[in-house]
Amino acid sequence: MDARPLDERFAEGSETALADAIALYGQPLLRYCHHILCDYHEAQDAVQTTFIKAYDNHHRFRPGTSLSAWLYRLAYTTCVDLLRHRKRQLVTPPPVAADPDYIGEDLRRALETLSPEQRALVYSRVIEQRSFDALAVIYGKPAATLRKRYERARKKLAQALQGTPAERRSKSYETHTG
C-alpha cells in the first residue's frame, strides 16, 4: 500500500488514487451537485463526469494544493455546463418523488430562483459548513466577496420560500392558533 498523500498519488495518475478519491469525495460531491442541479440523476452524471475530467486532467493538478477544492471546482463547472445544456432543451421532466434525495417541490422552486453559483455557495456554507476561506480556494474569489454573495443569496432564498404553500400553511396555522 502506498503511504504517500492522496494528492501526490493523484497527480501521478494512479488508478488506486482515483479510487481513493472517489471513496473519499464521491458522496459529498454528489450532495453538492444535487443541490446545485436540483436533480438527483443529473447530479450522479455530474459526479461521474467530474471524476472522469479529474482523471483525464490529473497532470494539471498540483500536489500540495487541495485536491478537495480542485474536485469541487471541477464539479461546479460541470454542473454549470449541465444547467446550460438543460436550458437549451425544450422540456425538462420534473423530479420523481421516489428519489432517495428528493428535494421537495417548494424548496426546489425556491432554489431555482438562485443562480448555480448562489446555490453552490449556500449549500457549501449551510450543509457542508465550509468557511469563507475554504470557499475562496474553491471559487478563486476573495472570502469577503463570497461572504457578501452568500448573504444576498440567503435573503433571496428566504424571500422565495416565504411565498411557498408550506410557508403560507405555517402562517395560517399561527394565525388560527395564536
# chains A, B, ... in the order shown; residues from 1 in each chain; ligands from 1
$ residues_around --residues "A:Ile138" --least-positions-apart "3" --cutoff "6 Å" --atoms "only C-alpha atoms" --output "PyMOL selection string"
chain A and resi 69+73+135
$ residues_around --residues "A:Val47" --least-positions-apart "5" --cutoff "7 Å" --atoms "only C-alpha atoms" --output "JSON, numbers by chain"
{"A": [29, 30, 75]}
$ residues_around --residues "A:Tyr76" --least-positions-apart "5" --cutoff "9 Å" --atoms "only C-alpha atoms" --output "ChimeraX atom specification"
/A:32-33,36,46,50,71,81,116-117,120,139
$ write_last_selection --atoms "C-alpha atoms" --output "PDB file, in the first residue's frame"
ATOM      1  CA  TYR A  32     -23.114  19.204  -3.629  1.00  0.00           C
ATOM      2  CA  CYS A  33     -24.109  18.623  -7.262  1.00  0.00           C
ATOM      3  CA  ILE A  36     -26.894  22.840  -7.453  1.00  0.00           C
ATOM      4  CA  ALA A  46     -22.159  15.335 -12.920  1.00  0.00           C
ATOM      5  CA  THR A  50     -16.188  15.300 -12.621  1.00  0.00           C
ATOM      6  CA  LEU A  71     -12.584  18.473  -7.339  1.00  0.00           C
ATOM      7  CA  ASP A  81     -22.368  23.124 -18.074  1.00  0.00           C
ATOM      8  CA  PRO A 116     -25.943  27.996  -9.813  1.00  0.00           C
ATOM      9  CA  GLU A 117     -23.141  29.860  -8.039  1.00  0.00           C
ATOM     10  CA  ALA A 120     -23.402  26.109  -4.604  1.00  0.00           C
ATOM     11  CA  TYR A 139     -14.136  29.554  -6.203  1.00  0.00           C
TER      12      TYR A 139
END
$ atom_distance --atom1 "atom CA of A:Ala136" --atom2 "atom CA of A:Thr77"
15.4 Å
$ residues_around --residues "A:Arg60" --least-positions-apart "6" --cutoff "12 Å" --atoms "only C-alpha atoms" --output "ChimeraX atom specification"
/A:7,10-13,53-54,67,70-71,74
$ write_last_selection --atoms "all heavy atoms" --output "PDB file, in the first residue's frame"
ATOM      1  N   ASP A   7      -3.115  13.416  -2.675  1.00  0.00           N
ATOM      2  CA  ASP A   7      -2.925  14.419  -3.723  1.00  0.00           C
ATOM      3  C   ASP A   7      -1.679  14.145  -4.557  1.00  0.00           C
ATOM      4  O   ASP A   7      -1.683  14.324  -5.772  1.00  0.00           O
ATOM      5  CB  ASP A   7      -2.921  15.834  -3.157  1.00  0.00           C
ATOM      6  CG  ASP A   7      -1.798  16.109  -2.185  1.00  0.00           C
ATOM      7  OD1 ASP A   7      -1.197  15.153  -1.675  1.00  0.00           O
ATOM      8  OD2 ASP A   7      -1.533  17.296  -1.933  1.00  0.00           O
ATOM      9  N   PHE A  10      -2.496  11.143  -6.739  1.00  0.00           N
ATOM     10  CA  PHE A  10      -3.483  11.524  -7.748  1.00  0.00           C
ATOM     11  C   PHE A  10      -2.814  12.272  -8.891  1.00  0.00           C
ATOM     12  O   PHE A  10      -3.143  12.051 -10.060  1.00  0.00           O
ATOM     13  CB  PHE A  10      -4.586  12.384  -7.120  1.00  0.00           C
ATOM     14  CG  PHE A  10      -5.756  12.574  -8.022  1.00  0.00           C
ATOM     15  CD1 PHE A  10      -6.799  11.670  -8.031  1.00  0.00           C
ATOM     16  CD2 PHE A  10      -5.803  13.661  -8.896  1.00  0.00           C
ATOM     17  CE1 PHE A  10      -7.880  11.838  -8.892  1.00  0.00           C
ATOM     18  CE2 PHE A  10      -6.879  13.836  -9.753  1.00  0.00           C
ATOM     19  CZ  PHE A  10      -7.909  12.916  -9.753  1.00  0.00           C
ATOM     20  N   ALA A  11      -1.906  13.156  -8.577  1.00  0.00           N
ATOM     21  CA  ALA A  11      -1.217  13.949  -9.603  1.00  0.00           C
ATOM     22  C   ALA A  11      -0.434  13.063 -10.567  1.00  0.00           C
ATOM     23  O   ALA A  11      -0.219  13.427 -11.724  1.00  0.00           O
ATOM     24  CB  ALA A  11      -0.290  14.971  -8.952  1.00  0.00           C
ATOM     25  N   GLU A  12      -0.020  11.898 -10.102  1.00  0.00           N
ATOM     26  CA  GLU A  12       0.722  10.970 -10.961  1.00  0.00           C
ATOM     27  C   GLU A  12      -0.201  10.153 -11.861  1.00  0.00           C
ATOM     28  O   GLU A  12       0.268   9.439 -12.742  1.00  0.00           O
ATOM     29  CB  GLU A  12       1.561  10.028 -10.102  1.00  0.00           C
ATOM     30  CG  GLU A  12       2.681  10.731  -9.363  1.00  0.00           C
ATOM     31  CD  GLU A  12       3.404   9.818  -8.383  1.00  0.00           C
ATOM     32  OE1 GLU A  12       2.982   8.650  -8.208  1.00  0.00           O
ATOM     33  OE2 GLU A  12       4.378  10.285  -7.784  1.00  0.00           O
ATOM     34  N   GLY A  13      -1.505  10.202 -11.611  1.00  0.00           N
ATOM     35  CA  GLY A  13      -2.448   9.467 -12.445  1.00  0.00           C
ATOM     36  C   GLY A  13      -2.696   8.047 -11.982  1.00  0.00           C
ATOM     37  O   GLY A  13      -3.161   7.215 -12.751  1.00  0.00           O
ATOM     38  N   LYS A  53     -13.152  13.895 -15.737  1.00  0.00           N
ATOM     39  CA  LYS A  53     -12.343  15.083 -16.037  1.00  0.00           C
ATOM     40  C   LYS A  53     -11.106  15.136 -15.145  1.00  0.00           C
ATOM     41  O   LYS A  53     -10.016  15.471 -15.607  1.00  0.00           O
ATOM     42  CB  LYS A  53     -13.158  16.358 -15.822  1.00  0.00           C
ATOM     43  CG  LYS A  53     -14.189  16.655 -16.867  1.00  0.00           C
ATOM     44  CD  LYS A  53     -14.918  17.943 -16.493  1.00  0.00           C
ATOM     45  CE  LYS A  53     -16.000  18.324 -17.442  1.00  0.00           C
ATOM     46  NZ  LYS A  53     -16.703  19.554 -17.012  1.00  0.00           N
ATOM     47  N   ALA A  54     -11.292  14.823 -13.874  1.00  0.00           N
ATOM     48  CA  ALA A  54     -10.167  14.872 -12.935  1.00  0.00           C
ATOM     49  C   ALA A  54      -9.088  13.876 -13.339  1.00  0.00           C
ATOM     50  O   ALA A  54      -7.896  14.209 -13.340  1.00  0.00           O
ATOM     51  CB  ALA A  54     -10.654  14.592 -11.522  1.00  0.00           C
ATOM     52  N   LEU A  67      -6.786  18.875  -3.070  1.00  0.00           N
ATOM     53  CA  LEU A  67      -7.471  18.011  -4.026  1.00  0.00           C
ATOM     54  C   LEU A  67      -8.984  18.219  -3.893  1.00  0.00           C
ATOM     55  O   LEU A  67      -9.702  18.266  -4.888  1.00  0.00           O
ATOM     56  CB  LEU A  67      -7.113  16.540  -3.798  1.00  0.00           C
ATOM     57  CG  LEU A  67      -7.795  15.528  -4.717  1.00  0.00           C
ATOM     58  CD1 LEU A  67      -7.470  15.809  -6.184  1.00  0.00           C
ATOM     59  CD2 LEU A  67      -7.385  14.107  -4.346  1.00  0.00           C
ATOM     60  N   TRP A  70     -10.004  21.372  -5.689  1.00  0.00           N
ATOM     61  CA  TRP A  70      -9.886  21.170  -7.129  1.00  0.00           C
ATOM     62  C   TRP A  70     -11.076  20.356  -7.653  1.00  0.00           C
ATOM     63  O   TRP A  70     -11.673  20.701  -8.672  1.00  0.00           O
ATOM     64  CB  TRP A  70      -8.557  20.481  -7.438  1.00  0.00           C
ATOM     65  CG  TRP A  70      -8.198  20.425  -8.893  1.00  0.00           C
ATOM     66  CD1 TRP A  70      -7.900  21.476  -9.710  1.00  0.00           C
ATOM     67  CD2 TRP A  70      -8.092  19.245  -9.691  1.00  0.00           C
ATOM     68  NE1 TRP A  70      -7.603  21.016 -10.975  1.00  0.00           N
ATOM     69  CE2 TRP A  70      -7.706  19.653 -10.992  1.00  0.00           C
ATOM     70  CE3 TRP A  70      -8.257  17.897  -9.436  1.00  0.00           C
ATOM     71  CZ2 TRP A  70      -7.509  18.747 -12.020  1.00  0.00           C
ATOM     72  CZ3 TRP A  70      -8.046  16.988 -10.466  1.00  0.00           C
ATOM     73  CH2 TRP A  70      -7.684  17.420 -11.752  1.00  0.00           C
ATOM     74  N   LEU A  71     -11.453  19.303  -6.928  1.00  0.00           N
ATOM     75  CA  LEU A  71     -12.584  18.473  -7.339  1.00  0.00           C
ATOM     76  C   LEU A  71     -13.900  19.248  -7.260  1.00  0.00           C
ATOM     77  O   LEU A  71     -14.755  19.129  -8.136  1.00  0.00           O
ATOM     78  CB  LEU A  71     -12.655  17.202  -6.493  1.00  0.00           C
ATOM     79  CG  LEU A  71     -11.558  16.179  -6.754  1.00  0.00           C
ATOM     80  CD1 LEU A  71     -11.616  15.061  -5.724  1.00  0.00           C
ATOM     81  CD2 LEU A  71     -11.658  15.607  -8.164  1.00  0.00           C
ATOM     82  N   LEU A  74     -14.102  21.517 -10.229  1.00  0.00           N
ATOM     83  CA  LEU A  74     -14.479  20.748 -11.414  1.00  0.00           C
ATOM     84  C   LEU A  74     -15.968  20.400 -11.382  1.00  0.00           C
ATOM     85  O   LEU A  74     -16.665  20.492 -12.399  1.00  0.00           O
ATOM     86  CB  LEU A  74     -13.658  19.458 -11.517  1.00  0.00           C
ATOM     87  CG  LEU A  74     -12.219  19.579 -11.986  1.00  0.00           C
ATOM     88  CD1 LEU A  74     -11.514  18.236 -11.866  1.00  0.00           C
ATOM     89  CD2 LEU A  74     -12.159  20.075 -13.418  1.00  0.00           C
TER      90      LEU A  74
END
$ residues_around --residues "A:Arg31" --least-positions-apart "4" --cutoff "8 Å" --atoms "only C-alpha atoms" --output "VMD selection string"
chain A and resid 27 35 43
$ select_by_dssp --residues "chain A" --states "helix (DSSP H, G or I)" --output "number ranges by chain"
A: 6-11, 15-37, 40-56, 58-60, 67-88, 105-112, 116-126, 132-139, 143-162, 165-177
$ atom_distance --atom1 "atom CA of A:Arg154" --atom2 "atom CA of A:Ser131"
15.6 Å
$ closest_residue --among "A:Arg119, A:Glu8, A:Arg125, A:Tyr25" --to "A:Lys156" --atoms "only C-alpha atoms"
A:Arg119
$ residues_around --residues "A:Ala160" --least-positions-apart "6" --cutoff "10 Å" --atoms "only C-alpha atoms" --output "list in words"
Asp106, Leu107, Arg109, Ala110, Leu111, Glu112, Thr113, Leu114 and Arg154 of chain A
$ write_last_selection --atoms "all heavy atoms" --output "tab-separated table (two decimals), in the first residue's frame"
chain	number	residue	atom	x	y	z
A	106	ASP	N	-41.41	22.82	-3.14
A	106	ASP	CA	-41.28	24.20	-2.67
A	106	ASP	C	-39.81	24.61	-2.61
A	106	ASP	O	-39.43	25.69	-3.07
A	106	ASP	CB	-41.90	24.37	-1.29
A	106	ASP	CG	-43.41	24.21	-1.30
A	106	ASP	OD1	-44.01	24.28	-2.39
A	106	ASP	OD2	-43.98	24.03	-0.21
A	107	LEU	N	-38.99	23.75	-2.03
A	107	LEU	CA	-37.56	24.06	-1.90
A	107	LEU	C	-36.90	24.09	-3.27
A	107	LEU	O	-36.08	24.97	-3.55
A	107	LEU	CB	-36.86	23.06	-0.98
A	107	LEU	CG	-35.37	23.29	-0.77
A	107	LEU	CD1	-35.11	24.69	-0.21
A	107	LEU	CD2	-34.80	22.23	0.17
A	109	ARG	N	-38.25	24.89	-6.15
A	109	ARG	CA	-38.62	26.14	-6.82
A	109	ARG	C	-37.86	27.32	-6.23
A	109	ARG	O	-37.41	28.21	-6.95
A	109	ARG	CB	-40.12	26.38	-6.70
A	109	ARG	CG	-40.89	25.73	-7.81
A	109	ARG	CD	-42.31	26.27	-7.90
A	109	ARG	NE	-43.17	25.13	-8.13
A	109	ARG	CZ	-44.11	24.70	-7.32
A	109	ARG	NH1	-44.37	25.34	-6.20
A	109	ARG	NH2	-44.82	23.64	-7.60
A	110	ALA	N	-37.73	27.33	-4.91
A	110	ALA	CA	-37.00	28.42	-4.26
A	110	ALA	C	-35.53	28.39	-4.65
A	110	ALA	O	-34.94	29.44	-4.94
A	110	ALA	CB	-37.16	28.32	-2.74
A	111	LEU	N	-34.93	27.21	-4.68
A	111	LEU	CA	-33.52	27.09	-5.06
A	111	LEU	C	-33.30	27.51	-6.52
A	111	LEU	O	-32.26	28.07	-6.86
A	111	LEU	CB	-33.02	25.66	-4.86
A	111	LEU	CG	-32.76	25.26	-3.41
A	111	LEU	CD1	-32.52	23.76	-3.31
A	111	LEU	CD2	-31.58	26.02	-2.84
A	112	GLU	N	-34.29	27.26	-7.36
A	112	GLU	CA	-34.14	27.63	-8.77
A	112	GLU	C	-34.19	29.14	-8.99
A	112	GLU	O	-33.84	29.61	-10.07
A	112	GLU	CB	-35.19	26.91	-9.62
A	112	GLU	CG	-34.86	25.44	-9.79
A	112	GLU	CD	-35.88	24.66	-10.60
A	112	GLU	OE1	-37.00	25.18	-10.84
A	112	GLU	OE2	-35.55	23.53	-10.98
A	113	THR	N	-34.60	29.90	-7.98
A	113	THR	CA	-34.55	31.36	-8.10
A	113	THR	C	-33.11	31.85	-7.95
A	113	THR	O	-32.80	32.98	-8.29
A	113	THR	CB	-35.43	32.08	-7.06
A	113	THR	OG1	-34.92	31.84	-5.75
A	113	THR	CG2	-36.88	31.63	-7.16
A	114	LEU	N	-32.24	31.00	-7.40
A	114	LEU	CA	-30.83	31.34	-7.22
A	114	LEU	C	-30.04	30.92	-8.44
A	114	LEU	O	-30.39	29.96	-9.13
A	114	LEU	CB	-30.26	30.63	-5.99
A	114	LEU	CG	-30.94	30.88	-4.64
A	114	LEU	CD1	-30.26	30.05	-3.56
A	114	LEU	CD2	-30.92	32.35	-4.29
A	154	ARG	N	-28.82	34.15	0.54
A	154	ARG	CA	-29.63	33.71	1.68
A	154	ARG	C	-30.92	34.53	1.76
A	154	ARG	O	-32.01	33.98	1.97
A	154	ARG	CB	-28.82	33.84	2.97
A	154	ARG	CG	-29.38	33.03	4.12
A	154	ARG	CD	-28.47	33.12	5.27
A	154	ARG	NE	-28.57	34.47	5.81
A	154	ARG	CZ	-28.26	34.82	7.04
A	154	ARG	NH1	-27.77	33.93	7.85
A	154	ARG	NH2	-28.41	36.06	7.45
$ closest_residue --among "A:His59, A:Lys141, A:Lys148, A:Arg84" --to "A:Ser115" --atoms "only C-alpha atoms"
A:Arg84
$ closest_residue --among "A:Gln118, A:Gln129, A:Thr16, A:Ser124" --to "A:Arg152" --atoms "only C-alpha atoms"
A:Gln118
$ atom_distance --atom1 "atom CA of A:Gly163" --atom2 "atom CA of A:His34"
23.0 Å
$ decode --residues "stretch 149-164 of chain A" --atoms "all heavy atoms" --output "PDB file, in the first residue's frame"
ATOM      1  N   ARG A 149     -21.893  37.689  -1.209  1.00  0.00           N
ATOM      2  CA  ARG A 149     -22.744  36.948  -2.143  1.00  0.00           C
ATOM      3  C   ARG A 149     -23.613  35.935  -1.399  1.00  0.00           C
ATOM      4  O   ARG A 149     -24.766  35.718  -1.766  1.00  0.00           O
ATOM      5  CB  ARG A 149     -21.891  36.239  -3.193  1.00  0.00           C
ATOM      6  CG  ARG A 149     -21.299  37.201  -4.192  1.00  0.00           C
ATOM      7  CD  ARG A 149     -20.484  36.509  -5.237  1.00  0.00           C
ATOM      8  NE  ARG A 149     -19.910  37.488  -6.153  1.00  0.00           N
ATOM      9  CZ  ARG A 149     -19.109  37.188  -7.142  1.00  0.00           C
ATOM     10  NH1 ARG A 149     -18.772  35.931  -7.373  1.00  0.00           N
ATOM     11  NH2 ARG A 149     -18.632  38.126  -7.927  1.00  0.00           N
ATOM     12  N   TYR A 150     -23.058  35.326  -0.371  1.00  0.00           N
ATOM     13  CA  TYR A 150     -23.819  34.370   0.436  1.00  0.00           C
ATOM     14  C   TYR A 150     -24.987  35.074   1.129  1.00  0.00           C
ATOM     15  O   TYR A 150     -26.106  34.561   1.135  1.00  0.00           O
ATOM     16  CB  TYR A 150     -22.907  33.696   1.468  1.00  0.00           C
ATOM     17  CG  TYR A 150     -23.665  32.916   2.495  1.00  0.00           C
ATOM     18  CD1 TYR A 150     -24.243  31.694   2.185  1.00  0.00           C
ATOM     19  CD2 TYR A 150     -23.830  33.411   3.785  1.00  0.00           C
ATOM     20  CE1 TYR A 150     -24.959  30.977   3.133  1.00  0.00           C
ATOM     21  CE2 TYR A 150     -24.539  32.713   4.736  1.00  0.00           C
ATOM     22  CZ  TYR A 150     -25.094  31.490   4.411  1.00  0.00           C
ATOM     23  OH  TYR A 150     -25.802  30.794   5.343  1.00  0.00           O
ATOM     24  N   GLU A 151     -24.724  36.224   1.710  1.00  0.00           N
ATOM     25  CA  GLU A 151     -25.788  36.968   2.396  1.00  0.00           C
ATOM     26  C   GLU A 151     -26.912  37.332   1.422  1.00  0.00           C
ATOM     27  O   GLU A 151     -28.088  37.209   1.755  1.00  0.00           O
ATOM     28  CB  GLU A 151     -25.230  38.229   3.063  1.00  0.00           C
ATOM     29  CG  GLU A 151     -24.355  37.942   4.264  1.00  0.00           C
ATOM     30  CD  GLU A 151     -25.070  37.152   5.352  1.00  0.00           C
ATOM     31  OE1 GLU A 151     -26.260  37.407   5.608  1.00  0.00           O
ATOM     32  OE2 GLU A 151     -24.425  36.278   5.955  1.00  0.00           O
ATOM     33  N   ARG A 152     -26.543  37.763   0.227  1.00  0.00           N
ATOM     34  CA  ARG A 152     -27.552  38.107  -0.779  1.00  0.00           C
ATOM     35  C   ARG A 152     -28.355  36.864  -1.194  1.00  0.00           C
ATOM     36  O   ARG A 152     -29.578  36.932  -1.327  1.00  0.00           O
ATOM     37  CB  ARG A 152     -26.893  38.722  -2.011  1.00  0.00           C
ATOM     38  CG  ARG A 152     -26.384  40.119  -1.774  1.00  0.00           C
ATOM     39  CD  ARG A 152     -25.771  40.680  -3.034  1.00  0.00           C
ATOM     40  NE  ARG A 152     -25.152  41.961  -2.779  1.00  0.00           N
ATOM     41  CZ  ARG A 152     -23.994  42.351  -3.286  1.00  0.00           C
ATOM     42  NH1 ARG A 152     -23.332  41.572  -4.104  1.00  0.00           N
ATOM     43  NH2 ARG A 152     -23.505  43.531  -2.981  1.00  0.00           N
ATOM     44  N   ALA A 153     -27.658  35.760  -1.385  1.00  0.00           N
ATOM     45  CA  ALA A 153     -28.327  34.512  -1.784  1.00  0.00           C
ATOM     46  C   ALA A 153     -29.263  34.031  -0.685  1.00  0.00           C
ATOM     47  O   ALA A 153     -30.373  33.569  -0.955  1.00  0.00           O
ATOM     48  CB  ALA A 153     -27.288  33.445  -2.113  1.00  0.00           C
ATOM     49  N   ARG A 154     -28.819  34.146   0.543  1.00  0.00           N
ATOM     50  CA  ARG A 154     -29.633  33.709   1.679  1.00  0.00           C
ATOM     51  C   ARG A 154     -30.921  34.527   1.764  1.00  0.00           C
ATOM     52  O   ARG A 154     -32.010  33.983   1.969  1.00  0.00           O
ATOM     53  CB  ARG A 154     -28.822  33.840   2.968  1.00  0.00           C
ATOM     54  CG  ARG A 154     -29.378  33.034   4.122  1.00  0.00           C
ATOM     55  CD  ARG A 154     -28.466  33.120   5.272  1.00  0.00           C
ATOM     56  NE  ARG A 154     -28.572  34.474   5.815  1.00  0.00           N
ATOM     57  CZ  ARG A 154     -28.265  34.820   7.040  1.00  0.00           C
ATOM     58  NH1 ARG A 154     -27.765  33.930   7.852  1.00  0.00           N
ATOM     59  NH2 ARG A 154     -28.407  36.055   7.451  1.00  0.00           N
ATOM     60  N   LYS A 155     -30.809  35.838   1.573  1.00  0.00           N
ATOM     61  CA  LYS A 155     -32.002  36.698   1.594  1.00  0.00           C
ATOM     62  C   LYS A 155     -32.943  36.356   0.443  1.00  0.00           C
ATOM     63  O   LYS A 155     -34.161  36.294   0.620  1.00  0.00           O
ATOM     64  CB  LYS A 155     -31.597  38.173   1.514  1.00  0.00           C
ATOM     65  CG  LYS A 155     -31.004  38.705   2.799  1.00  0.00           C
ATOM     66  CD  LYS A 155     -30.592  40.153   2.649  1.00  0.00           C
ATOM     67  CE  LYS A 155     -29.881  40.639   3.902  1.00  0.00           C
ATOM     68  NZ  LYS A 155     -29.373  41.999   3.742  1.00  0.00           N
ATOM     69  N   LYS A 156     -32.378  36.134  -0.723  1.00  0.00           N
ATOM     70  CA  LYS A 156     -33.186  35.800  -1.897  1.00  0.00           C
ATOM     71  C   LYS A 156     -33.907  34.469  -1.690  1.00  0.00           C
ATOM     72  O   LYS A 156     -35.093  34.341  -2.019  1.00  0.00           O
ATOM     73  CB  LYS A 156     -32.286  35.734  -3.137  1.00  0.00           C
ATOM     74  CG  LYS A 156     -33.023  35.586  -4.437  1.00  0.00           C
ATOM     75  CD  LYS A 156     -32.041  35.669  -5.596  1.00  0.00           C
ATOM     76  CE  LYS A 156     -32.734  35.537  -6.930  1.00  0.00           C
ATOM     77  NZ  LYS A 156     -31.772  35.606  -8.043  1.00  0.00           N
ATOM     78  N   LEU A 157     -33.218  33.503  -1.115  1.00  0.00           N
ATOM     79  CA  LEU A 157     -33.823  32.200  -0.844  1.00  0.00           C
ATOM     80  C   LEU A 157     -34.936  32.327   0.195  1.00  0.00           C
ATOM     81  O   LEU A 157     -36.009  31.752   0.040  1.00  0.00           O
ATOM     82  CB  LEU A 157     -32.758  31.204  -0.366  1.00  0.00           C
ATOM     83  CG  LEU A 157     -33.211  29.769  -0.147  1.00  0.00           C
ATOM     84  CD1 LEU A 157     -33.776  29.168  -1.425  1.00  0.00           C
ATOM     85  CD2 LEU A 157     -32.043  28.931   0.349  1.00  0.00           C
ATOM     86  N   ALA A 158     -34.693  33.109   1.227  1.00  0.00           N
ATOM     87  CA  ALA A 158     -35.716  33.319   2.261  1.00  0.00           C
ATOM     88  C   ALA A 158     -36.956  33.968   1.665  1.00  0.00           C
ATOM     89  O   ALA A 158     -38.082  33.576   1.981  1.00  0.00           O
ATOM     90  CB  ALA A 158     -35.152  34.170   3.395  1.00  0.00           C
ATOM     91  N   GLN A 159     -36.762  34.943   0.787  1.00  0.00           N
ATOM     92  CA  GLN A 159     -37.899  35.599   0.134  1.00  0.00           C
ATOM     93  C   GLN A 159     -38.664  34.620  -0.747  1.00  0.00           C
ATOM     94  O   GLN A 159     -39.898  34.616  -0.764  1.00  0.00           O
ATOM     95  CB  GLN A 159     -37.431  36.790  -0.698  1.00  0.00           C
ATOM     96  CG  GLN A 159     -36.976  37.958   0.136  1.00  0.00           C
ATOM     97  CD  GLN A 159     -36.354  39.063  -0.711  1.00  0.00           C
ATOM     98  OE1 GLN A 159     -36.016  38.857  -1.873  1.00  0.00           O
ATOM     99  NE2 GLN A 159     -36.187  40.230  -0.114  1.00  0.00           N
ATOM    100  N   ALA A 160     -37.945  33.777  -1.459  1.00  0.00           N
ATOM    101  CA  ALA A 160     -38.593  32.800  -2.331  1.00  0.00           C
ATOM    102  C   ALA A 160     -39.378  31.777  -1.510  1.00  0.00           C
ATOM    103  O   ALA A 160     -40.465  31.360  -1.902  1.00  0.00           O
ATOM    104  CB  ALA A 160     -37.558  32.091  -3.199  1.00  0.00           C
ATOM    105  N   LEU A 161     -38.847  31.407  -0.361  1.00  0.00           N
ATOM    106  CA  LEU A 161     -39.534  30.430   0.488  1.00  0.00           C
ATOM    107  C   LEU A 161     -40.756  31.028   1.179  1.00  0.00           C
ATOM    108  O   LEU A 161     -41.682  30.303   1.525  1.00  0.00           O
ATOM    109  CB  LEU A 161     -38.574  29.853   1.529  1.00  0.00           C
ATOM    110  CG  LEU A 161     -37.569  28.839   0.985  1.00  0.00           C
ATOM    111  CD1 LEU A 161     -36.520  28.513   2.035  1.00  0.00           C
ATOM    112  CD2 LEU A 161     -38.273  27.579   0.509  1.00  0.00           C
ATOM    113  N   GLN A 162     -40.786  32.321   1.385  1.00  0.00           N
ATOM    114  CA  GLN A 162     -41.945  32.956   2.028  1.00  0.00           C
ATOM    115  C   GLN A 162     -43.201  32.837   1.182  1.00  0.00           C
ATOM    116  O   GLN A 162     -44.297  32.829   1.716  1.00  0.00           O
ATOM    117  CB  GLN A 162     -41.664  34.434   2.321  1.00  0.00           C
ATOM    118  CG  GLN A 162     -40.762  34.630   3.496  1.00  0.00           C
ATOM    119  CD  GLN A 162     -40.466  36.098   3.752  1.00  0.00           C
ATOM    120  OE1 GLN A 162     -40.759  36.950   2.925  1.00  0.00           O
ATOM    121  NE2 GLN A 162     -39.876  36.367   4.893  1.00  0.00           N
ATOM    122  N   GLY A 163     -43.049  32.703  -0.097  1.00  0.00           N
ATOM    123  CA  GLY A 163     -44.209  32.607  -0.971  1.00  0.00           C
ATOM    124  C   GLY A 163     -44.657  31.186  -1.249  1.00  0.00           C
ATOM    125  O   GLY A 163     -45.556  30.975  -2.035  1.00  0.00           O
ATOM    126  N   THR A 164     -44.045  30.179  -0.614  1.00  0.00           N
ATOM    127  CA  THR A 164     -44.392  28.789  -0.897  1.00  0.00           C
ATOM    128  C   THR A 164     -45.633  28.364  -0.133  1.00  0.00           C
ATOM    129  O   THR A 164     -45.952  28.925   0.911  1.00  0.00           O
ATOM    130  CB  THR A 164     -43.236  27.837  -0.514  1.00  0.00           C
ATOM    131  OG1 THR A 164     -43.039  27.905   0.893  1.00  0.00           O
ATOM    132  CG2 THR A 164     -41.957  28.200  -1.246  1.00  0.00           C
TER     133      THR A 164
END
